[in-house]
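Structure file my_file-v6.cif with mmCIF, C-alpha atoms:
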```cif
data_entry
loop_
_atom_site.label_atom_id
_atom_site.label_comp_id
_atom_site.auth_asym_id
_atom_site.auth_seq_id
_atom_site.Cartn_x
_atom_site.Cartn_y
_atom_site.Cartn_z
CA MET A 524 0.00 0.00 0.00
CA THR A 525 2.87 2.31 0.50
CA ALA A 526 3.88 1.85 -3.11
CA THR A 527 0.40 2.92 -4.27
CA THR A 528 0.39 5.88 -1.96
CA ASN A 529 3.79 6.95 -3.21
CA MET A 530 2.55 6.66 -6.74
CA PHE A 531 -0.34 9.02 -6.12
CA VAL A 532 1.76 11.39 -4.10
CA LEU A 533 4.61 11.56 -6.57
CA GLY A 534 2.32 11.23 -9.56
CA ALA A 535 4.26 8.53 -11.27
CA ALA A 536 4.07 4.76 -11.35
CA ASP A 537 7.54 4.42 -12.61
CA THR A 538 10.17 6.49 -10.91
CA SER A 539 12.91 5.76 -13.37
CA GLY A 540 13.02 8.80 -15.68
CA VAL A 541 11.43 12.09 -16.73
CA GLN A 542 7.98 11.74 -18.07
CA TRP A 543 7.45 14.38 -20.66
CA GLY A 544 3.79 13.67 -21.16
CA THR A 545 2.96 14.39 -17.55
CA ILE A 546 5.02 17.57 -17.59
CA LEU A 547 3.31 18.69 -20.77
CA VAL A 548 -0.19 17.97 -19.43
CA THR A 549 0.64 19.74 -16.17
CA LEU A 550 2.04 22.70 -18.07
CA VAL A 551 -1.01 22.95 -20.36
CA THR A 552 -3.33 22.60 -17.38
CA PHE A 553 -1.42 25.32 -15.58
CA LEU A 554 -1.58 27.63 -18.62
CA ILE A 555 -5.32 27.01 -18.99
CA LEU A 556 -5.78 27.76 -15.31
CA VAL A 557 -3.78 30.97 -15.63
CA ALA A 558 -5.80 32.01 -18.73
CA LEU A 559 -9.07 31.32 -16.94
CA LEU A 560 -7.92 33.19 -13.84
CA LYS A 561 -6.83 36.11 -16.01
CA LYS A 562 -10.15 36.21 -17.84
CA PHE A 563 -12.53 35.61 -14.95
CA ALA A 564 -10.60 36.76 -11.88
CA TRP A 565 -7.69 39.06 -12.66
CA GLY A 566 -9.35 40.87 -15.58
CA PRO A 567 -12.46 41.90 -13.66
CA LEU A 568 -10.39 42.42 -10.50
CA LYS A 569 -7.95 44.63 -12.42
CA GLY A 570 -10.91 46.49 -13.99
CA VAL A 571 -12.39 47.07 -10.54
CA MET A 572 -9.00 48.17 -9.22
CA ASP A 573 -8.46 50.50 -12.20
CA GLN A 574 -11.95 51.96 -11.73
CA ARG A 575 -11.27 52.37 -8.01
CA GLU A 576 -7.96 54.10 -8.77
CA HIS A 577 -9.72 56.36 -11.27
CA ASP A 578 -12.46 57.19 -8.74
CA ILE A 579 -9.91 57.94 -6.01
CA ASN A 580 -7.91 60.18 -8.35
CA LYS A 581 -11.12 61.92 -9.40
CA ASP A 582 -12.09 62.42 -5.74
CA ILE A 583 -8.63 63.86 -5.00
CA ASP A 584 -8.91 66.21 -7.98
CA ASP A 585 -12.42 67.24 -6.93
CA ALA A 586 -11.18 67.85 -3.37
CA GLU A 587 -8.33 70.01 -4.66
CA GLN A 588 -10.74 71.92 -6.89
CA ALA A 589 -13.13 72.37 -3.96
CA LYS A 590 -10.22 73.62 -1.84
CA LEU A 591 -9.26 76.13 -4.55
CA ASN A 592 -12.89 77.24 -4.84
CA ALA A 593 -13.12 77.61 -1.06
CA GLN A 594 -9.94 79.69 -1.03
CA LYS A 595 -11.29 81.84 -3.86
CA LEU A 596 -14.59 82.31 -2.01
CA GLU A 597 -12.72 83.14 1.17
CA GLU A 598 -10.73 85.82 -0.68
CA GLN A 599 -13.93 87.18 -2.21
CA ASN A 600 -15.58 87.24 1.21
CA LYS A 601 -12.57 89.05 2.68
CA GLN A 602 -12.66 91.57 -0.15
CA THR A 603 -16.41 92.06 0.24
CA LEU A 604 -16.02 92.47 4.00
CA LYS A 605 -13.25 95.03 3.50
CA GLU A 606 -15.34 96.95 0.96
CA THR A 607 -18.32 96.86 3.31
CA GLN A 608 -16.21 98.10 6.22
CA ASP A 609 -14.78 100.89 4.05
CA GLU A 610 -18.28 101.85 2.94
CA VAL A 611 -19.55 101.86 6.54
CA GLN A 612 -16.58 104.02 7.58
CA LYS A 613 -17.29 106.44 4.73
CA ILE A 614 -20.97 106.62 5.66
CA LEU A 615 -20.04 107.33 9.27
CA GLU A 616 -17.63 110.07 8.24
CA ASP A 617 -20.21 111.58 5.88
CA SER A 618 -22.77 111.48 8.69
CA LYS A 619 -20.37 113.27 11.04
CA VAL A 620 -19.68 115.95 8.42
CA GLN A 621 -23.40 116.34 7.74
CA ALA A 622 -24.11 116.60 11.48
CA ARG A 623 -21.43 119.30 11.87
CA LYS A 624 -22.89 121.24 8.93
CA GLN A 625 -26.39 121.04 10.39
CA HIS A 626 -25.04 122.06 13.80
CA GLU A 627 -23.30 125.09 12.28
CA GLU A 628 -26.40 126.01 10.24
CA ILE A 629 -28.61 125.81 13.33
CA ILE A 630 -26.19 127.99 15.31
CA HIS A 631 -25.92 130.46 12.42
CA GLU A 632 -29.72 130.69 12.10
CA ALA A 633 -30.05 131.13 15.87
CA ASN A 634 -27.46 133.92 15.79
CA ILE A 635 -29.29 135.62 12.93
CA ARG A 636 -32.59 135.39 14.83
CA ALA A 637 -30.97 136.63 18.03
CA ASN A 638 -29.33 139.54 16.22
CA GLY A 639 -32.65 140.37 14.56
CA MET A 640 -34.43 140.27 17.91
CA ILE A 641 -31.73 142.45 19.49
CA GLU A 642 -31.97 144.95 16.65
CA THR A 643 -35.76 145.00 16.89
CA ALA A 644 -35.56 145.45 20.65
CA GLN A 645 -33.03 148.28 20.27
CA ASN A 646 -35.24 149.99 17.69
CA GLU A 647 -38.22 149.65 20.03
CA ILE A 648 -36.16 150.96 22.94
CA ASN A 649 -34.98 153.94 20.87
CA SER A 650 -38.51 154.74 19.71
CA GLU A 651 -39.84 154.41 23.27
CA LYS A 652 -36.98 156.59 24.49
CA GLU A 653 -37.80 159.24 21.90
CA ARG A 654 -41.48 159.09 22.83
CA ALA A 655 -40.62 159.33 26.52
CA ILE A 656 -38.33 162.31 25.89
CA ALA A 657 -41.02 163.96 23.79
CA ASP A 658 -43.58 163.34 26.57
CA ILE A 659 -41.19 164.69 29.19
CA ASN A 660 -40.48 167.73 27.02
CA ASN A 661 -44.20 168.34 26.62
CA GLN A 662 -44.80 167.96 30.34
CA VAL A 663 -41.83 170.18 31.19
CA SER A 664 -43.01 172.82 28.75
CA GLU A 665 -46.51 172.73 30.19
CA LEU A 666 -45.14 172.92 33.74
CA SER A 667 -42.78 175.69 32.76
CA VAL A 668 -45.60 177.67 31.19
CA LEU A 669 -47.68 177.15 34.29
CA ILE A 670 -44.84 178.17 36.56
CA ALA A 671 -43.91 181.14 34.38
CA SER A 672 -47.47 182.37 34.24
CA LYS A 673 -47.76 182.21 37.98
CA VAL A 674 -44.42 183.89 38.44
CA LEU A 675 -45.11 186.63 35.97
CA GLN A 676 -48.70 186.84 36.84
CA LYS A 677 -49.27 187.70 33.42
CA GLU A 678 -51.07 185.71 30.93
CA ILE A 679 -49.23 184.88 27.77
CA SER A 680 -50.53 182.65 25.13
CA GLY A 681 -49.93 178.90 25.40
CA LYS A 682 -48.28 178.83 22.03
CA ASP A 683 -45.80 181.52 22.97
CA GLN A 684 -45.04 179.81 26.24
CA LYS A 685 -44.48 176.48 24.56
CA GLU A 686 -42.09 177.98 22.04
CA LEU A 687 -40.22 179.73 24.83
CA VAL A 688 -39.91 176.52 26.89
CA GLU A 689 -38.79 174.47 23.88
CA LYS A 690 -36.16 177.07 23.13
CA TYR A 691 -34.80 176.84 26.69
CA ILE A 692 -34.92 173.02 26.67
CA LYS A 693 -32.93 172.94 23.42
CA GLU A 694 -30.41 175.30 24.87
CA ALA A 695 -30.17 173.18 28.02
CA GLY A 696 -29.90 169.96 25.95
CA ASP A 697 -27.05 171.42 23.88
CA LYS A 698 -25.09 172.17 27.00
#
```

Would you give me this structure, written as structure tokens?
Amino acid sequence: MTATTNMFVLGAADTSGVQWGTILVTLVTFLILVALLKKFAWGPLKGVMDQREHDINKDIDDAEQAKLNAQKLEEQNKQTLKETQDEVQKILEDSKVQARKQHEEIIHEANIRANGMIETAQNEINSEKERAIADINNQVSELSVLIASKVLQKEISGKDQKELVEKYIKEAGDK
């Protein structure tokens, strides 16, 4: 039984030389097996691997493109933010200038009104002063005529007395 076992294990019944037929059959069988493996295993496996490699490369390229797009968007956002900040600063400065102008206009208008009111008040004061002086002059002239008529005990006309008193008041005012 050992001889039969050895025959199956070694693949030969006669161990005395090289058996070219067995080598040729083994070689053909091996080549057929390799061809079948290539067609049904390695071919599809290589196709899957190539597709996987292509997909990975595409994903890497897409990721790089997305990174570039993100950087571009970030730069655009920074630029937009800077422009917005500059615009806000300009608006604030314009508002300050406008507020100063309005402040100065309000003060100028108030000064004009105040000066107008002062001028009007001075004109009213001067006219009242002139009226008061005229009233005082009239009263003084009447009193002077009354006093002069009592002193002189003589009756002179009111017109003459008034002229006389006005003459003396003018002379006193000039001094």

To one decimal place in Å, what is the distance between atom CA of Lys682 of chain A and atom CA of Lys652 of chain A?
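We find that atom CA of Lys682 of chain A and atom CA of Lys652 of chain A lie 25.1 Å from each other.
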
Atom CA of Lys685 of chain A and atom CA of Ala657 of chain A are how many Å apart?
13.0 Å

Convert the output of the PyMOL selection byres ((chain A and resi 660) around 12) on the shown file into explicit residues, formatted as a VMD selection string.
chain A and resid 652 to 659 661 to 668 685 to 686 688 to 693 695 to 696

If you keep C-alpha atoms, can you produce a file of those selected residues as a short mmCIF file (atom, residue, chain, number, x, y, z; two decimals), in the frame of the given file?
```
data_model
loop_
_atom_site.label_atom_id
_atom_site.label_comp_id
_atom_site.auth_asym_id
_atom_site.auth_seq_id
_atom_site.Cartn_x
_atom_site.Cartn_y
_atom_site.Cartn_z
CA LYS A 652 -36.98 156.59 24.49
CA GLU A 653 -37.80 159.24 21.90
CA ARG A 654 -41.48 159.09 22.83
CA ALA A 655 -40.62 159.33 26.52
CA ILE A 656 -38.33 162.31 25.89
CA ALA A 657 -41.02 163.96 23.79
CA ASP A 658 -43.58 163.34 26.57
CA ILE A 659 -41.19 164.69 29.19
CA ASN A 661 -44.20 168.34 26.62
CA GLN A 662 -44.80 167.96 30.34
CA VAL A 663 -41.83 170.18 31.19
CA SER A 664 -43.01 172.82 28.75
CA GLU A 665 -46.51 172.73 30.19
CA LEU A 666 -45.14 172.92 33.74
CA SER A 667 -42.78 175.69 32.76
CA VAL A 668 -45.60 177.67 31.19
CA LYS A 685 -44.48 176.48 24.56
CA GLU A 686 -42.09 177.98 22.04
CA VAL A 688 -39.91 176.52 26.89
CA GLU A 689 -38.79 174.47 23.88
CA LYS A 690 -36.16 177.07 23.13
CA TYR A 691 -34.80 176.84 26.69
CA ILE A 692 -34.92 173.02 26.67
CA LYS A 693 -32.93 172.94 23.42
CA ALA A 695 -30.17 173.18 28.02
CA GLY A 696 -29.90 169.96 25.95
#
```

Figure out the distance between atom CA of Val557 of chain A and atom CA of Gly540 of chain A, please, to one decimal in Å.
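So the answer is 27.8 Å.
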